[in-house]
file my_file15.pdb (PDB, C-alpha atoms)
ATOM      1  CA  MET M 905      -4.987   9.095 -12.682  1.00  0.00           C
ATOM      2  CA  ARG M 906      -2.591   8.197 -15.402  1.00  0.00           C
ATOM      3  CA  TYR M 907       0.391   7.234 -13.259  1.00  0.00           C
ATOM      4  CA  VAL M 908      -0.935   6.233  -9.857  1.00  0.00           C
ATOM      5  CA  PHE M 909       2.534   5.200  -8.595  1.00  0.00           C
ATOM      6  CA  GLN M 910       3.583   8.824  -8.109  1.00  0.00           C
ATOM      7  CA  TRP M 911       0.411   9.497  -6.125  1.00  0.00           C
ATOM      8  CA  GLU M 912       0.842   6.377  -3.982  1.00  0.00           C
ATOM      9  CA  LEU M 913       4.482   7.143  -3.277  1.00  0.00           C
ATOM     10  CA  GLY M 914       3.719  10.741  -2.385  1.00  0.00           C
ATOM     11  CA  ASN M 915       0.917   9.652  -0.078  1.00  0.00           C
ATOM     12  CA  LEU M 916       3.245   7.250   1.756  1.00  0.00           C
ATOM     13  CA  LEU M 917       5.729  10.052   2.318  1.00  0.00           C
ATOM     14  CA  VAL M 918       3.040  12.445   3.534  1.00  0.00           C
ATOM     15  CA  ARG M 919       1.820   9.788   5.986  1.00  0.00           C
ATOM     16  CA  GLN M 920       5.397   9.381   7.212  1.00  0.00           C
ATOM     17  CA  THR M 921       5.525  13.103   8.063  1.00  0.00           C
ATOM     18  CA  ARG M 922       2.663  12.491  10.503  1.00  0.00           C
ATOM     19  CA  ARG M 923       4.255   9.379  12.002  1.00  0.00           C
ATOM     20  CA  GLU M 924       7.790  10.653  12.404  1.00  0.00           C
ATOM     21  CA  PRO M 925       8.374  14.127  13.833  1.00  0.00           C
ATOM     22  CA  GLY M 926      11.163  15.815  11.918  1.00  0.00           C
ATOM     23  CA  PHE M 927      10.706  13.658   8.813  1.00  0.00           C
ATOM     24  CA  ASP M 928      12.077  15.705   5.921  1.00  0.00           C
ATOM     25  CA  LEU M 929       9.799  15.318   2.910  1.00  0.00           C
ATOM     26  CA  ARG M 930      12.184  17.158   0.584  1.00  0.00           C
ATOM     27  CA  GLU M 931      15.084  14.951   1.667  1.00  0.00           C
ATOM     28  CA  ALA M 932      12.985  11.810   1.149  1.00  0.00           C
ATOM     29  CA  TYR M 933      12.163  12.879  -2.403  1.00  0.00           C
ATOM     30  CA  GLY M 934      15.877  13.522  -2.967  1.00  0.00           C
ATOM     31  CA  VAL M 935      16.716   9.985  -1.875  1.00  0.00           C
ATOM     32  CA  LEU M 936      14.013   8.578  -4.140  1.00  0.00           C
ATOM     33  CA  ASP M 937      15.304  10.634  -7.072  1.00  0.00           C
ATOM     34  CA  SER M 938      18.746   9.089  -6.569  1.00  0.00           C
ATOM     35  CA  PHE M 939      17.254   5.642  -7.275  1.00  0.00           C
ATOM     36  CA  LYS M 940      16.400   6.663 -10.863  1.00  0.00           C
ATOM     37  CA  ILE M 941      12.997   4.950 -10.669  1.00  0.00           C
ATOM     38  CA  MET M 942      11.335   4.628 -14.061  1.00  0.00           C
ATOM     39  CA  VAL M 943       7.551   4.604 -14.302  1.00  0.00           C
ATOM     40  CA  ALA M 944       6.144   2.066 -16.746  1.00  0.00           C
ATOM     41  CA  PRO M 945       3.442   3.187 -19.146  1.00  0.00           C
ATOM     42  CA  PRO M 946      -0.153   2.218 -18.374  1.00  0.00           C
ATOM     43  CA  VAL M 947      -1.161  -1.383 -19.054  1.00  0.00           C
ATOM     44  CA  ALA M 948      -3.947  -1.992 -21.568  1.00  0.00           C
ATOM     45  CA  ARG M 949      -7.366  -3.092 -20.313  1.00  0.00           C
ATOM     46  CA  ASP M 950      -7.132  -6.542 -21.928  1.00  0.00           C
ATOM     47  CA  ASP M 951      -3.704  -7.111 -20.382  1.00  0.00           C
ATOM     48  CA  ILE M 952      -5.062  -6.220 -16.942  1.00  0.00           C
ATOM     49  CA  ARG M 953      -7.881  -8.710 -17.438  1.00  0.00           C
ATOM     50  CA  ALA M 954      -5.377 -11.409 -18.406  1.00  0.00           C
ATOM     51  CA  LEU M 955      -3.294 -10.569 -15.334  1.00  0.00           C
ATOM     52  CA  ALA M 956      -6.430 -10.771 -13.174  1.00  0.00           C
ATOM     53  CA  ALA M 957      -7.025 -14.328 -14.389  1.00  0.00           C
ATOM     54  CA  ILE M 958      -3.404 -15.249 -13.634  1.00  0.00           C
ATOM     55  CA  ALA M 959      -3.619 -13.608 -10.201  1.00  0.00           C
ATOM     56  CA  ALA M 960      -6.799 -15.509  -9.352  1.00  0.00           C
ATOM     57  CA  ALA M 961      -5.317 -18.814 -10.518  1.00  0.00           C
ATOM     58  CA  ARG M 962      -2.083 -18.336  -8.568  1.00  0.00           C
ATOM     59  CA  GLY M 963      -3.503 -16.831  -5.384  1.00  0.00           C
ATOM     60  CA  LEU M 964      -1.850 -13.447  -5.945  1.00  0.00           C
ATOM     61  CA  SER M 965      -3.355  -9.998  -5.739  1.00  0.00           C
ATOM     62  CA  LEU M 966      -3.749  -8.229  -9.056  1.00  0.00           C
ATOM     63  CA  PHE M 967      -1.078  -5.772  -7.940  1.00  0.00           C
ATOM     64  CA  ASP M 968       1.373  -8.586  -7.167  1.00  0.00           C
ATOM     65  CA  ALA M 969       0.673 -10.241 -10.515  1.00  0.00           C
ATOM     66  CA  GLY M 970       1.363  -6.875 -12.143  1.00  0.00           C
ATOM     67  CA  TYR M 971       4.652  -6.463 -10.289  1.00  0.00           C
ATOM     68  CA  LEU M 972       5.667  -9.978 -11.271  1.00  0.00           C
ATOM     69  CA  TRP M 973       4.715  -9.424 -14.909  1.00  0.00           C
ATOM     70  CA  LEU M 974       6.626  -6.132 -15.056  1.00  0.00           C
ATOM     71  CA  ALA M 975       9.723  -7.685 -13.501  1.00  0.00           C
ATOM     72  CA  MET M 976       9.580 -10.473 -16.072  1.00  0.00           C
ATOM     73  CA  GLN M 977       9.146  -7.974 -18.928  1.00  0.00           C
ATOM     74  CA  MET M 978      12.040  -5.809 -17.713  1.00  0.00           C
ATOM     75  CA  ASP M 979      14.268  -8.748 -16.712  1.00  0.00           C
ATOM     76  CA  GLY M 980      14.254  -7.152 -13.287  1.00  0.00           C
ATOM     77  CA  ILE M 981      14.460  -8.014  -9.632  1.00  0.00           C
ATOM     78  CA  VAL M 982      11.437  -8.289  -7.339  1.00  0.00           C
ATOM     79  CA  ALA M 983      12.006  -6.352  -4.108  1.00  0.00           C
ATOM     80  CA  SER M 984       9.233  -6.939  -1.590  1.00  0.00           C
ATOM     81  CA  ARG M 985       8.182  -7.786   1.941  1.00  0.00           C
ATOM     82  CA  ASP M 986       5.425 -10.039   0.612  1.00  0.00           C
ATOM     83  CA  GLY M 987       6.299 -13.724   0.971  1.00  0.00           C
ATOM     84  CA  GLY M 988       3.746 -14.862  -1.614  1.00  0.00           C
ATOM     85  CA  LEU M 989       5.036 -12.456  -4.240  1.00  0.00           C
ATOM     86  CA  MET M 990       8.649 -13.398  -3.558  1.00  0.00           C
ATOM     87  CA  ALA M 991       7.812 -17.108  -3.800  1.00  0.00           C
ATOM     88  CA  ALA M 992       6.031 -16.556  -7.124  1.00  0.00           C
ATOM     89  CA  ALA M 993       8.968 -14.507  -8.413  1.00  0.00           C
ATOM     90  CA  ALA M 994      11.476 -17.160  -7.377  1.00  0.00           C
ATOM     91  CA  ALA M 995       9.327 -19.863  -9.007  1.00  0.00           C
ATOM     92  CA  ALA M 996       9.375 -17.783 -12.208  1.00  0.00           C
ATOM     93  CA  GLY M 997      13.175 -17.696 -12.056  1.00  0.00           C
ATOM     94  CA  LEU M 998      13.450 -14.041 -11.073  1.00  0.00           C
ATOM     95  CA  PRO M 999      15.952 -12.733  -8.541  1.00  0.00           C
ATOM     96  CA  VAL M1000      14.334 -11.638  -5.278  1.00  0.00           C
ATOM     97  CA  PHE M1001      15.381  -8.986  -2.765  1.00  0.00           C
ATOM     98  CA  ASP M1002      13.701  -9.525   0.606  1.00  0.00           C
ATOM     99  CA  LEU M1003      12.967  -6.136   2.168  1.00  0.00           C
ATOM    100  CA  ARG M1004      12.147  -7.777   5.512  1.00  0.00           C
ATOM    101  CA  ASP M1005      15.857  -8.294   6.176  1.00  0.00           C
TER     102      ASP M1005
END
call {"tool": "encode", "arguments": {"input": "my_file15.pdb", "output": "C-alpha cells"}}
result
Amino acid sequence: MRYVFQWELGNLLVRQTRREPGFDLREAYGVLDSFKIMVAPPVARDDIRALAAIAAARGLSLFDAGYLWLAMQMDGIVASRDGGLMAAAAAAGLPVFDLRD
C-alpha cells in the first residue's frame, strides 16, 4: 500500500458508521476535504531504520517518531492525544495542539 494514511483514515470512518447510527460517511469525507490535508511521499527504507533507532532511544513508537520527524521537516504543528508525542514535540521546539481538550 503506497499511501497507507488514506486507508487508515477510511477505515476509521467506516468503523464510526458502525458506532454511531446516522453517521454520514459522505459528509465526513467532505469535512476532511476542507482541511486540505496533504499526504507526504513514502519514506525511504534507510530513513525508516534511522527513525526506528531514534524511536527506540527516546521511548517513542516508530509512528510517533515519524510524525515528529515530518512535523520538523514541514515546520508544522503536532496535533495529538498522545502525551509522550506531545512532550517530545515540545522538547524539539515544535508547537503542539492537544486534541484531548
call {"tool": "residues_near_point", "arguments": {"input": "my_file15.pdb", "point": "(11.6, -7.6, -5.9)", "cutoff": "9 Å", "atoms": "all atoms listed in the file", "output": "number ranges by chain"}}
result
M: 971-972, 975, 980-985, 989-990, 993, 998-1003
call {"tool": "closest_residue", "arguments": {"input": "my_file15.pdb", "among": "M:Met976, M:Ser938, M:Gly987, M:Ala992", "to": "Arg962 of chain M", "atoms": "all atoms listed in the file"}}
result
M:Ala992
call {"tool": "residues_around", "arguments": {"input": "my_file15.pdb", "residues": "Leu955 of chain M", "least_positions_apart": "5", "cutoff": "8 Å", "atoms": "all atoms listed in the file", "output": "PyMOL selection string"}}
result
chain M and resi 966+969-970
call {"tool": "residues_around", "arguments": {"input": "my_file15.pdb", "residues": "segment 923-937 of chain M", "least_positions_apart": "6", "cutoff": "10 Å", "atoms": "all atoms listed in the file", "output": "JSON, numbers by chain"}}
result
{"M": [913, 914, 917]}
call {"tool": "atom_distance", "arguments": {"input": "my_file15.pdb", "atom1": "atom CA of Ile941 of chain M", "atom2": "atom CA of Ala960 of chain M"}}
result
28.5 Å
